[in-house]
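K.L.:
Quick one: the structure is below, and I'll ask about it shortly.
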Amino acid sequence: MEASIMDGPQRRCGAVSGLTTVKNPISLARLVMDKSPHSYLAFSGAEDFARQQVFELVENEYFITEENVGMLKLAKEANTILFDYRIPLGMESCSSGVESPLHMNGLPISVYAPETVGCVVVDNQGRCAAATSTGGLMNKMTGRIGDSPLIGAGTYAGDLCGVSCTGEGEAIIRGTLAREVAAVMEYKGLGLQEAVDFVIKERLDDGKAGLIAVSNKGEVACGFNCTGMFRGCATEDGFMEVGIWEQ
Ligand code: ASP
């Protein structure tokens, strides 16, 4: 698991990777930001830091669920790496003991989502923050690090906005997607949704990812070029909205 967090106005950040026993990686990322002299800790060093901070650790088995074992089996059979919402090539025909290959937990695999969670917030003084936490891609190589713990790629917050990305990490890293939204706002003077649309169109390979964003004016935006993106929005006056497909 891996995660990162960034506080926009103060430009403080923390990130962790390679965790196997830390129950809440995003809270450890926050502790890296608040209580360590560094921005990013990984593998055994990150777990040692968690122990020093008397952080909640669990046996690795805690994270192993029947659903994910099933998905991993399917991914291995199809010799593919899975990310959100895609039916991997060859999957339709593969045989498996875990439900139908096209269904998992009663959901079609095309809307099966992994555990990446992103959160962007803005307070009543226009201060933005962003955080992202993930187990990464299903059937990834050992040692693979994605975009989620990388400040500027999967997570970014500055004076103007906060951004969190989801999707194929390699494409998000190539596009430095989260920072790019802030950069086009800063340097091209675009509004939040315009900046999101520009970045999804111009900086991201087709069908790969999506992102959520807030601005220091309290605007909320999202964009994606994969089939769907699970998302929700809540404001202090009680407005709430959820979505999966295009707006
Ligand atoms: N972006 C994550 C990664 O590549 C996966 C995800 O968002 O679902 O590790």
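Residues are referred to by chain and number: the chain letter is A, B, ... according to the order shown in the structure tokens, the number counts from 1 in that chain, and ligands are numbered separately from 1 in the order shown.
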Name the residues, by chain letter and number, that sit within 10 Å of ligand 1 using only C-alpha atoms and all ligand atoms, and give them as a PyMOL selection string.

P.N.:
chain A and resi 1-3+82-85+113-118+132-138+140+144-149+153-154+164-173+208-211+229

K.L.:
Could you list, as an NGL selection string, every residue within 7 Å of A:Asp197, counting only C-alpha atoms and ignoring same-chain residues fewer than 4 positions away?

P.N.:
:A and (193 or 201 or 223)

K.L.:
If we count only C-alpha atoms and set the cut-off at 9 Å, which residues sit around A:Asp34, ignoring sequence neighbours fewer than 3 positions away in its own chain? Please answer as a VMD selection string.

P.N.:
chain A and resid 12 to 14 29 to 31 37

K.L.:
Mind pulling up the distance from atom CA of A:Ile5 to atom CA of A:Glu236?

P.N.:
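Atom CA of A:Ile5 lies at a distance of 21.8 Å from atom CA of A:Glu236.
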
K.L.:
List as JSON, numbers by chain the protein and nucleic acid residues near A:Ile244, meaning an atom at most 10 Å away when only C-alpha atoms are counted, but skip any in the same chain fewer than 4 places from it.

P.N.:
{"A": [111, 227, 228, 229, 230, 231, 232]}

K.L.:
What is the atom CA of A:Ile212-atom CA of A:Gly189 distance in Å, reported with one decimal?

P.N.:
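About the pair atom CA of A:Ile212 and atom CA of A:Gly189: they are 18.9 Å apart.
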
K.L.:
Among stretch 4-101 of chain A, which residues carry a DSSP assignment of alpha helix (DSSP H), reported as a short mmCIF file (atom, residue, chain, number, x, y, z; two decimals) with C-alpha atoms, in the first residue's frame?

P.N.:
```
data_model
loop_
_atom_site.label_atom_id
_atom_site.label_comp_id
_atom_site.auth_asym_id
_atom_site.auth_seq_id
_atom_site.Cartn_x
_atom_site.Cartn_y
_atom_site.Cartn_z
CA PRO A 25 -1.40 4.39 5.25
CA ILE A 26 -2.82 7.90 4.77
CA SER A 27 -2.49 8.63 8.49
CA LEU A 28 1.14 7.51 8.35
CA ALA A 29 1.69 9.83 5.35
CA ARG A 30 0.33 12.64 7.50
CA LEU A 31 2.73 11.72 10.31
CA VAL A 32 5.64 11.78 7.84
CA MET A 33 4.52 15.32 6.99
CA ASP A 34 3.98 16.41 10.60
CA LYS A 35 6.55 14.45 12.60
CA PHE A 43 9.31 -0.10 2.70
CA SER A 44 10.97 -1.18 5.99
CA GLY A 45 11.93 2.42 6.89
CA ALA A 46 8.29 3.49 6.67
CA GLU A 47 7.16 0.52 8.76
CA ASP A 48 9.90 1.26 11.36
CA PHE A 49 8.68 4.86 11.53
CA ALA A 50 5.11 3.58 12.04
CA ARG A 51 6.31 1.43 14.97
CA GLN A 52 8.18 4.37 16.51
CA GLU A 66 -11.67 -13.33 -0.83
CA GLU A 67 -12.72 -10.80 -3.48
CA ASN A 68 -9.17 -9.62 -4.04
CA VAL A 69 -7.75 -13.13 -4.12
CA GLY A 70 -10.37 -13.87 -6.79
CA MET A 71 -9.50 -10.77 -8.79
CA LEU A 72 -5.79 -11.54 -8.54
CA LYS A 73 -6.42 -15.07 -9.80
CA LEU A 74 -8.39 -13.69 -12.75
CA ALA A 75 -5.69 -11.14 -13.52
CA LYS A 76 -2.96 -13.80 -13.41
CA GLU A 77 -4.96 -16.13 -15.64
#
```
